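K.L.:
Contents of entry34.tsv (TSV, C-alpha atoms and all ligand atoms):
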```tsv
chain	number	residue	atom	x	y	z
X	1	MET	CA	0.00	0.00	0.00
X	2	GLN	CA	1.89	3.02	-1.22
X	3	HIS	CA	1.64	6.42	0.42
X	4	ARG	CA	1.61	9.63	-1.50
X	5	ALA	CA	2.72	13.10	-0.50
X	6	GLN	CA	0.31	16.04	-0.28
X	7	ARG	CA	0.34	18.41	-3.23
X	8	THR	CA	-0.34	22.06	-3.95
X	9	ILE	CA	0.23	24.34	-6.94
X	10	ALA	CA	3.57	25.99	-7.66
X	11	ARG	CA	2.10	29.46	-8.22
X	12	PRO	CA	-1.30	31.20	-8.33
X	13	ALA	CA	-3.64	30.51	-11.24
X	14	GLU	CA	-6.73	32.33	-12.45
X	15	VAL	CA	-9.97	31.56	-14.32
X	16	CYS	CA	-12.39	34.34	-15.31
X	17	GLY	CA	-15.88	34.02	-16.73
X	18	ILE	CA	-19.58	34.12	-16.03
X	19	GLY	CA	-21.23	32.26	-13.16
X	20	PHE	CA	-23.76	29.77	-14.57
X	21	LEU	CA	-26.15	30.33	-11.74
X	22	THR	CA	-26.02	34.04	-10.93
X	23	GLY	CA	-24.71	35.31	-14.26
X	24	ALA	CA	-22.12	37.36	-12.37
X	25	ASP	CA	-18.77	38.25	-13.94
X	26	VAL	CA	-16.37	36.35	-11.73
X	27	ARG	CA	-12.64	36.07	-11.24
X	28	LEU	CA	-11.51	32.88	-9.50
X	29	ARG	CA	-7.95	32.47	-8.22
X	30	PHE	CA	-6.27	29.26	-7.09
X	31	LEU	CA	-3.60	30.03	-4.48
X	32	PRO	CA	-0.94	27.62	-3.15
X	33	ALA	CA	-1.48	26.54	0.49
X	34	GLU	CA	0.62	24.85	3.15
X	35	PRO	CA	0.39	21.12	4.01
X	36	ASN	CA	-2.79	20.05	5.87
X	37	HIS	CA	-4.59	23.25	4.79
X	38	GLY	CA	-6.98	21.31	2.57
X	39	ILE	CA	-9.26	23.06	0.06
X	40	ALA	CA	-11.10	26.20	1.18
X	41	PHE	CA	-13.12	28.83	-0.68
X	42	LEU	CA	-12.91	32.55	0.12
X	43	ARG	CA	-15.47	35.07	-1.13
X	44	THR	CA	-13.42	38.25	-1.63
X	45	ASP	CA	-16.61	40.27	-2.27
X	46	CYS	CA	-17.76	39.64	1.33
X	47	ALA	CA	-16.08	40.24	4.66
X	48	ALA	CA	-16.23	36.57	5.63
X	49	PRO	CA	-13.75	33.86	6.59
X	50	ALA	CA	-12.75	31.08	4.19
X	51	ILE	CA	-15.11	28.11	3.99
X	52	PRO	CA	-13.47	24.66	4.20
X	53	ALA	CA	-14.59	22.42	1.34
X	54	LEU	CA	-15.74	19.67	3.69
X	55	VAL	CA	-19.07	17.89	3.91
X	56	GLU	CA	-19.74	19.52	7.31
X	57	TYR	CA	-20.08	22.89	5.54
X	58	THR	CA	-22.49	21.78	2.79
X	59	VAL	CA	-25.95	23.34	2.67
X	60	PRO	CA	-29.07	21.89	1.00
X	61	ARG	CA	-29.44	22.93	-2.65
X	62	GLN	CA	-31.14	21.59	-5.77
X	63	ARG	CA	-28.85	20.07	-8.43
X	64	ARG	CA	-25.62	21.56	-7.16
X	65	THR	CA	-23.17	21.46	-4.25
X	66	ALA	CA	-22.81	24.54	-2.07
X	67	ILE	CA	-20.91	25.27	1.13
X	68	ALA	CA	-21.62	28.03	3.63
X	69	ARG	CA	-20.26	29.52	6.83
X	70	HIS	CA	-21.57	32.45	8.90
X	71	GLY	CA	-24.34	33.06	6.35
X	72	VAL	CA	-22.01	33.38	3.33
X	73	ALA	CA	-22.24	30.66	0.68
X	74	VAL	CA	-20.28	29.52	-2.36
X	75	GLU	CA	-22.56	27.85	-4.88
X	76	MET	CA	-21.80	25.14	-7.46
X	77	ILE	CA	-18.35	24.21	-6.22
X	78	GLU	CA	-18.43	20.69	-7.67
X	79	HIS	CA	-16.62	21.28	-10.98
X	80	VAL	CA	-13.83	23.23	-9.25
X	81	MET	CA	-13.58	20.49	-6.62
X	82	ALA	CA	-13.44	17.81	-9.32
X	83	ALA	CA	-10.50	19.58	-11.03
X	84	LEU	CA	-8.59	19.86	-7.74
X	85	ALA	CA	-9.34	16.27	-6.63
X	86	GLY	CA	-8.85	14.83	-10.12
X	87	LEU	CA	-5.36	16.35	-10.28
X	88	GLN	CA	-4.64	15.49	-6.62
X	89	VAL	CA	-4.20	19.11	-5.56
X	90	ASP	CA	-4.84	18.70	-1.83
X	91	ASN	CA	-4.00	22.14	-0.46
X	92	CYS	CA	-5.37	25.24	-2.14
X	93	LEU	CA	-7.20	28.44	-1.27
X	94	VAL	CA	-9.82	29.23	-3.92
X	95	GLU	CA	-10.68	32.94	-4.00
X	96	LEU	CA	-13.66	34.23	-5.95
X	97	ASN	CA	-15.45	37.58	-6.08
X	98	ALA	CA	-18.99	36.28	-6.70
X	99	PRO	CA	-21.31	33.60	-5.27
X	100	ASP	CA	-20.50	30.97	-7.94
X	101	PRO	CA	-17.40	30.05	-9.96
X	102	PRO	CA	-17.10	30.73	-13.70
X	103	GLY	CA	-19.26	28.19	-15.53
X	104	GLY	CA	-16.81	27.79	-18.42
X	105	ASP	CA	-18.14	25.13	-20.78
X	106	GLY	CA	-19.90	23.23	-17.98
X	107	SER	CA	-16.96	20.84	-17.48
X	108	SER	CA	-13.82	21.05	-15.31
X	109	GLN	CA	-11.56	21.79	-18.28
X	110	ALA	CA	-10.85	25.50	-17.63
X	111	PHE	CA	-10.00	24.82	-13.97
X	112	ALA	CA	-7.78	21.83	-14.79
X	113	ASP	CA	-5.97	23.83	-17.52
X	114	ALA	CA	-5.24	26.64	-15.05
X	115	LEU	CA	-3.96	24.21	-12.39
X	116	CYS	CA	-1.78	22.33	-14.89
X	117	THR	CA	-0.32	25.61	-16.21
X	118	ALA	CA	0.51	26.68	-12.63
X	119	GLY	CA	2.15	23.29	-12.02
X	120	VAL	CA	1.47	20.80	-9.24
X	121	VAL	CA	4.18	20.24	-6.60
X	122	THR	CA	4.59	17.71	-3.76
X	123	GLN	CA	4.96	18.93	-0.19
X	124	GLY	CA	6.78	16.25	1.82
X	125	VAL	CA	3.85	15.47	4.15
X	126	LEU	CA	1.74	12.35	3.67
X	127	ARG	CA	-1.82	12.63	2.40
X	128	LYS	CA	-4.43	11.00	4.62
X	129	ARG	CA	-6.74	8.44	3.13
X	130	LEU	CA	-9.83	6.49	4.02
X	131	ALA	CA	-9.83	2.89	2.75
X	132	ILE	CA	-13.37	1.52	2.66
X	133	GLN	CA	-13.57	-1.37	5.12
X	134	CYS	CA	-17.21	-2.37	4.94
X	135	GLU	CA	-19.95	-1.90	2.36
X	136	THR	CA	-21.77	1.39	2.90
X	137	SER	CA	-24.74	2.54	0.85
X	138	VAL	CA	-27.41	5.22	0.75
X	139	GLY	CA	-30.44	5.56	-1.49
X	140	SER	CA	-33.47	7.72	-2.11
X	141	ASP	CA	-36.73	6.80	-0.34
X	142	ASP	CA	-38.35	5.75	-3.63
X	143	GLY	CA	-35.46	3.45	-4.54
X	144	ALA	CA	-34.77	5.35	-7.78
X	145	GLN	CA	-31.26	6.46	-6.79
X	146	ALA	CA	-28.49	4.79	-4.82
X	147	ILE	CA	-24.77	4.98	-4.19
X	148	ARG	CA	-22.69	2.17	-2.72
X	149	ALA	CA	-19.10	2.20	-1.46
X	150	MET	CA	-17.25	-1.11	-1.22
X	151	PRO	CA	-13.83	-2.34	-0.12
X	152	ARG	CA	-11.27	-3.14	-2.78
X	153	ALA	CA	-8.13	-5.27	-2.69
X	154	ALA	CA	-6.24	-2.87	-4.99
X	155	ALA	CA	-5.09	0.64	-4.09
X	156	GLY	CA	-6.94	3.74	-5.26
X	157	LEU	CA	-10.52	4.53	-6.22
X	158	ALA	CA	-12.65	2.97	-8.97
X	159	LEU	CA	-15.87	4.84	-9.76
X	160	GLU	CA	-18.82	3.57	-11.74
X	161	TYR	CA	-21.89	5.62	-12.67
X	162	THR	CA	-25.09	4.38	-14.25
X	163	LEU	CA	-27.60	6.83	-15.63
X	164	ASP	CA	-31.10	5.80	-16.69
X	165	TYR	CA	-33.92	8.32	-17.01
X	166	GLY	CA	-36.33	5.83	-18.57
X	167	PRO	CA	-37.44	4.99	-22.13
X	168	ASN	CA	-38.95	8.42	-22.86
X	169	SER	CA	-35.93	10.51	-21.93
X	170	PRO	CA	-33.86	12.15	-24.70
X	171	ILE	CA	-30.80	11.05	-22.68
X	172	ALA	CA	-30.09	7.37	-23.41
X	173	PRO	CA	-29.28	4.99	-20.55
X	174	GLN	CA	-25.51	4.79	-20.17
X	175	SER	CA	-22.84	3.81	-17.69
X	176	CYS	CA	-19.08	4.13	-17.35
X	177	ARG	CA	-16.37	3.04	-14.95
X	178	PHE	CA	-12.95	4.56	-14.39
X	179	GLU	CA	-9.94	4.02	-12.21
X	180	ILE	CA	-9.53	7.57	-10.88
X	181	THR	CA	-5.99	8.90	-11.38
X	182	PRO	CA	-4.76	12.30	-12.59
X	183	GLU	CA	-4.10	10.64	-15.97
X	184	SER	CA	-7.56	9.12	-16.38
X	185	PHE	CA	-9.13	12.34	-15.12
X	186	LEU	CA	-7.37	14.40	-17.80
X	187	ASN	CA	-7.89	11.84	-20.58
X	188	ASP	CA	-11.42	10.60	-19.97
X	189	ILE	CA	-13.38	12.82	-17.57
X	190	VAL	CA	-12.29	16.47	-17.36
X	191	PHE	CA	-14.04	17.57	-20.59
X	192	ALA	CA	-17.48	16.10	-19.86
X	193	ARG	CA	-20.02	18.92	-19.64
X	194	THR	CA	-22.98	19.40	-17.36
X	195	PHE	CA	-26.43	18.80	-18.81
X	196	VAL	CA	-30.04	19.74	-18.13
X	197	LEU	CA	-33.38	19.03	-19.73
X	198	GLU	CA	-34.96	21.95	-21.58
X	199	ALA	CA	-37.83	22.08	-19.06
X	200	GLU	CA	-35.36	22.24	-16.16
X	201	ALA	CA	-33.42	25.04	-17.88
X	202	GLU	CA	-36.65	26.99	-18.32
X	203	ALA	CA	-37.60	26.46	-14.69
X	204	LEU	CA	-34.17	27.76	-13.59
X	205	ARG	CA	-34.52	30.84	-15.81
X	206	ALA	CA	-38.00	31.47	-14.34
X	207	GLN	CA	-36.32	31.54	-10.90
X	208	GLY	CA	-33.84	34.13	-12.19
X	209	TYR	CA	-30.92	31.72	-12.65
X	210	GLY	CA	-28.78	31.14	-15.73
X	211	ARG	CA	-29.90	34.23	-17.64
X	212	ARG	CA	-26.51	34.67	-19.34
X	213	THR	CA	-26.11	30.98	-20.14
X	214	THR	CA	-27.21	29.55	-23.49
X	215	ALA	CA	-27.42	26.10	-25.08
X	216	ARG	CA	-23.92	26.75	-26.48
X	217	ASP	CA	-22.49	26.94	-22.96
X	218	LEU	CA	-23.60	23.53	-21.67
X	219	LEU	CA	-25.72	20.58	-22.81
X	220	ILE	CA	-29.46	21.28	-22.91
X	221	PHE	CA	-31.58	18.31	-23.97
X	222	GLY	CA	-34.90	18.86	-25.76
X	223	PRO	CA	-37.24	16.03	-26.80
X	224	GLN	CA	-35.12	15.37	-29.93
X	225	GLY	CA	-31.75	15.44	-28.17
X	226	VAL	CA	-29.04	18.06	-27.58
X	227	ILE	CA	-30.07	21.59	-28.59
X	228	ASP	CA	-27.58	23.74	-30.56
X	229	ASN	CA	-24.64	21.62	-29.51
X	230	GLN	CA	-22.90	18.26	-30.03
X	231	LEU	CA	-21.83	15.56	-27.60
X	232	ARG	CA	-18.04	15.22	-27.25
X	233	VAL	CA	-18.42	11.46	-26.58
X	234	ALA	CA	-21.55	9.30	-26.69
X	235	ASP	CA	-21.53	8.79	-22.90
X	236	GLU	CA	-20.65	12.39	-22.03
X	237	CYS	CA	-23.55	12.61	-19.55
X	238	ALA	CA	-22.43	9.55	-17.55
X	239	ARG	CA	-18.85	10.85	-17.60
X	240	HIS	CA	-20.04	14.20	-16.27
X	241	LYS	CA	-21.78	12.36	-13.45
X	242	VAL	CA	-18.46	10.67	-12.64
X	243	LEU	CA	-16.87	14.15	-12.63
X	244	ASP	CA	-19.57	15.36	-10.20
X	245	CYS	CA	-18.94	12.31	-7.97
X	246	ILE	CA	-15.19	13.04	-7.89
X	247	GLY	CA	-15.93	16.63	-6.78
X	248	ASP	CA	-18.47	15.57	-4.17
X	249	LEU	CA	-16.41	12.68	-2.75
X	250	ALA	CA	-13.55	15.17	-2.26
X	251	LEU	CA	-15.69	16.73	0.50
X	252	LEU	CA	-14.30	13.87	2.60
X	253	GLY	CA	-11.08	15.92	2.94
X	254	CYS	CA	-8.79	12.94	2.29
X	255	ASP	CA	-8.18	10.31	-0.41
X	256	LEU	CA	-10.78	7.58	-0.74
X	257	TRP	CA	-9.76	4.02	-1.62
X	258	GLY	CA	-12.33	1.50	-2.71
X	259	VAL	CA	-15.06	1.00	-5.29
X	260	VAL	CA	-17.94	3.46	-5.55
X	261	ASP	CA	-20.92	2.44	-7.61
X	262	ALA	CA	-23.55	5.16	-8.20
X	263	TRP	CA	-26.97	4.63	-9.74
X	264	ARG	CA	-28.71	7.84	-10.85
X	265	THR	CA	-27.48	9.81	-7.84
X	266	GLY	CA	-27.04	13.55	-7.57
X	267	HIS	CA	-25.18	15.84	-5.20
X	268	ARG	CA	-27.42	15.23	-2.17
X	269	LEU	CA	-26.82	11.47	-1.99
X	270	ASN	CA	-23.16	11.88	-2.97
X	271	ALA	CA	-22.68	14.11	0.09
X	272	GLU	CA	-24.72	11.72	2.23
X	273	ILE	CA	-22.42	8.79	1.53
X	274	VAL	CA	-19.43	10.97	2.44
X	275	ARG	CA	-21.12	11.67	5.81
X	276	ARG	CA	-21.77	7.94	6.35
X	277	LEU	CA	-18.21	6.98	5.44
X	278	LYS	CA	-16.84	9.60	7.81
X	279	ARG	CA	-18.99	8.26	10.64
X	280	SER	CA	-18.27	4.58	10.05
X	281	HIS	CA	-14.56	4.65	9.19
X	282	ALA	CA	-11.48	5.79	11.02
X	283	GLU	CA	-9.32	7.88	8.72
X	284	TYR	CA	-5.98	6.32	7.93
X	285	CYS	CA	-3.34	8.73	9.12
X	286	PRO	CA	0.37	8.05	8.67
X	287	ALA	CA	2.26	8.58	11.91
X	288	ASP	CA	5.26	10.55	10.71
X	289	PRO	CA	5.67	13.15	8.01
X	290	ILE	CA	8.09	12.19	5.27
X	291	GLN	CA	10.80	14.63	4.30
X	292	HIS	CA	11.54	13.75	0.71
X	293	ALA	CA	8.39	12.50	-0.93
X	294	ALA	CA	8.57	11.35	-4.52
X	301	ZN	ZN	-21.88	18.82	-12.66
```
So, in terms of structure tokens, how does the structure I just supplied come out?
Ligand SMILES: [Zn+2]
P.N.:
Amino acid sequence: MQHRAQRTIARPAEVCGIGFLTGADVRLRFLPAEPNHGIAFLRTDCAAPAIPALVEYTVPRQRRTAIARHGVAVEMIEHVMAALAGLQVDNCLVELNAPDPPGGDGSSQAFADALCTAGVVTQGVLRKRLAIQCETSVGSDDGAQAIRAMPRAAAGLALEYTLDYGPNSPIAPQSCRFEITPESFLNDIVFARTFVLEAEAEALRAQGYGRRTTARDLLIFGPQGVIDNQLRVADECARHKVLDCIGDLALLGCDLWGVVDAWRTGHRLNAEIVRRLKRSHAEYCPADPIQHAA
């Protein structure tokens, strides 16, 4: 069972754009942070302390992951979290001057590009991990969604997502499974964009959300399929759900080793399994820091 050293970025990195949710012009900065800092978000447009990106700080939201502290929230953190976790950037302060990060193209690509350009460096202190010891699962009351975490003989995390919205949905049933490493994240997952049904997009606009976002900026599915856009891969939706799971499972605050099998879940159940795992498992913590990590 190999250990790995904690990692941060070599220098600050920046992504600017429009928040999908609020439509605000936003500047997001990734800043290097010391070992054991973890990931935290700081709203520079509010006089408020940084919010640790841990499941304890999540607040209930529809179709997105948000964290809050002292009444100040950061919305839709999941695609930023996926980029950080996918690239194994463990320590980073994420500053932004609006309630939600830039939407980019609805994937984690812009964030991953910025982090890769800044460069990722090891820090000589071991990263904690939680190795799943016993099967843990959570599901929706109606049985339509479930997520299960299982032990695994091999090191690392394998993630499988199955999506099935029924025979009348414009989104075909699909599933995919990946061994989650920085390489597989960059090759197979990072580019997968978020998606909504046309009716859901209209409902969000009616609530005042997403007014500056069009069908060119993410995947909107009408009855005949994707509107004004093209899929990058046939199973892009399932891959995006894997991306969301990577971001949400990172709310654990340490590496996760095992097999996670998700069936139609969203952010609420993803966070719930993180809570269950935290309660039922002791975190593996190496006793001594290493000085010269590879
Ligand atoms: Zn997403």
K.L.:
Record the distance separating atom CA of Ala24 of chain X and atom CA of Gly86 of chain X, expressed in Å with one decimal.
P.N.:
26.2 Å
K.L.:
Enumerate residues in contact with ligand ZN 301 (chain X): an atom-to-atom distance of at most 8 Å, counting only C-alpha atoms and all ligand atoms. Format the result as a list in words.
P.N.:
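Checked against 8 Å with only C-alpha atoms and all ligand atoms; the hits are Arg64, Glu78, His79, Gly106, Ser107, Arg193, Thr194, Phe195, His240, Lys241, Leu243 and Asp244 of chain X.
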K.L.:
So that I have them on file, write out the residues from the current selection with C-alpha atoms, as a compact mmCIF listing (two decimals), in the frame of the given file.
P.N.:
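Below you can see again.txt, which holds the result:
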```txt
# COMPACT_ATOMS: atom_id res chain seq x y z
CA ARG X 64 -25.62 21.56 -7.16
CA GLU X 78 -18.43 20.69 -7.67
CA HIS X 79 -16.62 21.28 -10.98
CA GLY X 106 -19.90 23.23 -17.98
CA SER X 107 -16.96 20.84 -17.48
CA ARG X 193 -20.02 18.92 -19.64
CA THR X 194 -22.98 19.40 -17.36
CA PHE X 195 -26.43 18.80 -18.81
CA HIS X 240 -20.04 14.20 -16.27
CA LYS X 241 -21.78 12.36 -13.45
CA LEU X 243 -16.87 14.15 -12.63
CA ASP X 244 -19.57 15.36 -10.20
```
K.L.:
Could you work out how far atom CA of Glu179 of chain X lies from atom CA of Glu160 of chain X, giving the answer in Å with one decimal?
P.N.:
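Rounded to one decimal, the two atoms are 8.9 Å apart.
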K.L.:
Using only C-alpha atoms, which residue out of X:Ser175, X:Gly139, X:Lys278, X:Arg69 lies closest to Cys254 of chain X?
P.N.:
X:Lys278
K.L.:
Enter the distance from atom CA of Arg61 of chain X to atom CA of Leu186 of chain X, in Å, rounded to one decimal.
P.N.:
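Answer for the atom CA of Arg61 of chain X to atom CA of Leu186 of chain X separation: 28.1 Å.
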K.L.:
Please identify all polymer residues within 12 Å of Ala192 of chain X, counting all atoms listed in the file, omitting same-chain residues fewer than 4 positions from it, and present them as a PyMOL selection string.
P.N.:
chain X and resi 79+82-83+104-110+185-188+218-219+230-244
K.L.:
Env of Gly119 of chain X: 7 Å cut, atoms = all atoms listed in the file, seq-sep filter 4 positions within chain, self excluded. Answer as a VMD selection string.
P.N.:
chain X and resid 9 to 10 115
K.L.:
Using all atoms listed in the file, determine which residues lie at most 10 Å from segment 143-156 of chain X, disregarding the query and same-chain residues fewer than 3 positions distant; provide the list as a ChimeraX atom specification.
P.N.:
/X:1-3,129,131-140,159-165,179-181,255-266,269-270,272-274,277
K.L.:
May I ask which of the residues X:Gln88, X:Ser184, X:Asn36, X:Ser169 is the closest one to Arg7 of chain X, counting all atoms listed in the file?
P.N.:
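Of the candidates, the smallest distance to Arg7 of chain X is held by X:Gln88.
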K.L.:
Because the input lacks atoms here, generate N, CA and C atoms for segment 216-249 of chain X and report them as an mmCIF file, in the frame of the given file.
P.N.:
```
data_model
loop_
_atom_site.group_PDB
_atom_site.id
_atom_site.type_symbol
_atom_site.label_atom_id
_atom_site.label_comp_id
_atom_site.auth_asym_id
_atom_site.auth_seq_id
_atom_site.Cartn_x
_atom_site.Cartn_y
_atom_site.Cartn_z
ATOM 1 N N ARG X 216 -25.303 26.916 -26.004
ATOM 2 C CA ARG X 216 -23.920 26.750 -26.480
ATOM 3 C C ARG X 216 -22.966 26.533 -25.308
ATOM 4 N N ASP X 217 -23.392 26.935 -24.112
ATOM 5 C CA ASP X 217 -22.490 26.940 -22.960
ATOM 6 C C ASP X 217 -22.512 25.650 -22.147
ATOM 7 N N LEU X 218 -23.508 24.807 -22.368
ATOM 8 C CA LEU X 218 -23.600 23.530 -21.670
ATOM 9 C C LEU X 218 -24.543 22.668 -22.495
ATOM 10 N N LEU X 219 -24.846 21.473 -22.035
ATOM 11 C CA LEU X 219 -25.720 20.580 -22.810
ATOM 12 C C LEU X 219 -27.155 20.733 -22.331
ATOM 13 N N ILE X 220 -28.030 21.210 -23.218
ATOM 14 C CA ILE X 220 -29.460 21.280 -22.910
ATOM 15 C C ILE X 220 -30.165 20.272 -23.822
ATOM 16 N N PHE X 221 -30.897 19.353 -23.208
ATOM 17 C CA PHE X 221 -31.580 18.310 -23.970
ATOM 18 C C PHE X 221 -33.057 18.653 -24.159
ATOM 19 N N GLY X 222 -33.479 18.778 -25.423
ATOM 20 C CA GLY X 222 -34.900 18.860 -25.760
ATOM 21 C C GLY X 222 -35.405 17.470 -26.099
ATOM 22 N N PRO X 223 -36.674 17.358 -26.495
ATOM 23 C CA PRO X 223 -37.240 16.030 -26.800
ATOM 24 C C PRO X 223 -36.466 15.284 -27.884
ATOM 25 N N GLN X 224 -35.834 16.027 -28.828
ATOM 26 C CA GLN X 224 -35.120 15.370 -29.930
ATOM 27 C C GLN X 224 -33.618 15.214 -29.656
ATOM 28 N N GLY X 225 -33.186 15.566 -28.478
ATOM 29 C CA GLY X 225 -31.750 15.440 -28.170
ATOM 30 C C GLY X 225 -31.123 16.776 -27.842
ATOM 31 N N VAL X 226 -29.774 16.853 -27.981
ATOM 32 C CA VAL X 226 -29.040 18.060 -27.580
ATOM 33 C C VAL X 226 -29.419 19.232 -28.478
ATOM 34 N N ILE X 227 -29.687 20.381 -27.864
ATOM 35 C CA ILE X 227 -30.070 21.590 -28.590
ATOM 36 C C ILE X 227 -28.816 22.414 -28.895
ATOM 37 N N ASP X 228 -28.623 22.783 -30.179
ATOM 38 C CA ASP X 228 -27.580 23.740 -30.560
ATOM 39 C C ASP X 228 -26.169 23.338 -30.150
ATOM 40 N N ASN X 229 -25.925 22.047 -30.028
ATOM 41 C CA ASN X 229 -24.640 21.620 -29.510
ATOM 42 C C ASN X 229 -24.406 20.163 -29.915
ATOM 43 N N GLN X 230 -23.216 19.653 -29.689
ATOM 44 C CA GLN X 230 -22.900 18.260 -30.030
ATOM 45 C C GLN X 230 -22.201 17.585 -28.870
ATOM 46 N N LEU X 231 -22.511 16.315 -28.656
ATOM 47 C CA LEU X 231 -21.830 15.560 -27.600
ATOM 48 C C LEU X 231 -20.355 15.363 -27.986
ATOM 49 N N ARG X 232 -19.474 15.452 -27.000
ATOM 50 C CA ARG X 232 -18.040 15.220 -27.250
ATOM 51 C C ARG X 232 -17.746 13.722 -27.314
ATOM 52 N N VAL X 233 -18.464 12.943 -26.528
ATOM 53 C CA VAL X 233 -18.420 11.460 -26.580
ATOM 54 C C VAL X 233 -19.842 10.988 -26.325
ATOM 55 N N ALA X 234 -20.168 9.785 -26.783
ATOM 56 C CA ALA X 234 -21.550 9.300 -26.690
ATOM 57 C C ALA X 234 -22.035 9.241 -25.232
ATOM 58 N N ASP X 235 -21.124 8.902 -24.313
ATOM 59 C CA ASP X 235 -21.530 8.790 -22.900
ATOM 60 C C ASP X 235 -21.080 10.008 -22.081
ATOM 61 N N GLU X 236 -21.116 11.172 -22.716
ATOM 62 C CA GLU X 236 -20.650 12.390 -22.030
ATOM 63 C C GLU X 236 -21.440 12.641 -20.738
ATOM 64 N N CYS X 237 -22.741 12.347 -20.750
ATOM 65 C CA CYS X 237 -23.550 12.610 -19.550
ATOM 66 C C CYS X 237 -23.102 11.734 -18.382
ATOM 67 N N ALA X 238 -22.885 10.435 -18.631
ATOM 68 C CA ALA X 238 -22.430 9.550 -17.550
ATOM 69 C C ALA X 238 -21.040 9.983 -17.071
ATOM 70 N N ARG X 239 -20.184 10.387 -18.007
ATOM 71 C CA ARG X 239 -18.850 10.850 -17.600
ATOM 72 C C ARG X 239 -18.946 12.111 -16.757
ATOM 73 N N HIS X 240 -19.898 13.009 -17.110
ATOM 74 C CA HIS X 240 -20.040 14.200 -16.270
ATOM 75 C C HIS X 240 -20.495 13.819 -14.868
ATOM 76 N N LYS X 241 -21.339 12.804 -14.776
ATOM 77 C CA LYS X 241 -21.780 12.360 -13.450
ATOM 78 C C LYS X 241 -20.616 11.788 -12.647
ATOM 79 N N VAL X 242 -19.682 11.124 -13.323
ATOM 80 C CA VAL X 242 -18.460 10.670 -12.640
ATOM 81 C C VAL X 242 -17.671 11.877 -12.143
ATOM 82 N N LEU X 243 -17.564 12.906 -13.000
ATOM 83 C CA LEU X 243 -16.870 14.150 -12.630
ATOM 84 C C LEU X 243 -17.519 14.759 -11.374
ATOM 85 N N ASP X 244 -18.857 14.833 -11.377
ATOM 86 C CA ASP X 244 -19.570 15.360 -10.200
ATOM 87 C C ASP X 244 -19.262 14.525 -8.955
ATOM 88 N N CYS X 245 -19.242 13.196 -9.110
ATOM 89 C CA CYS X 245 -18.940 12.310 -7.970
ATOM 90 C C CYS X 245 -17.534 12.579 -7.435
ATOM 91 N N ILE X 246 -16.567 12.767 -8.328
ATOM 92 C CA ILE X 246 -15.190 13.040 -7.890
ATOM 93 C C ILE X 246 -15.177 14.322 -7.046
ATOM 94 N N GLY X 247 -15.869 15.367 -7.525
ATOM 95 C CA GLY X 247 -15.930 16.630 -6.780
ATOM 96 C C GLY X 247 -16.625 16.469 -5.442
ATOM 97 N N ASP X 248 -17.719 15.727 -5.423
ATOM 98 C CA ASP X 248 -18.470 15.570 -4.170
ATOM 99 C C ASP X 248 -17.745 14.659 -3.176
ATOM 100 N N LEU X 249 -17.129 13.585 -3.665
ATOM 101 C CA LEU X 249 -16.410 12.680 -2.750
ATOM 102 C C LEU X 249 -15.199 13.378 -2.134
#
```
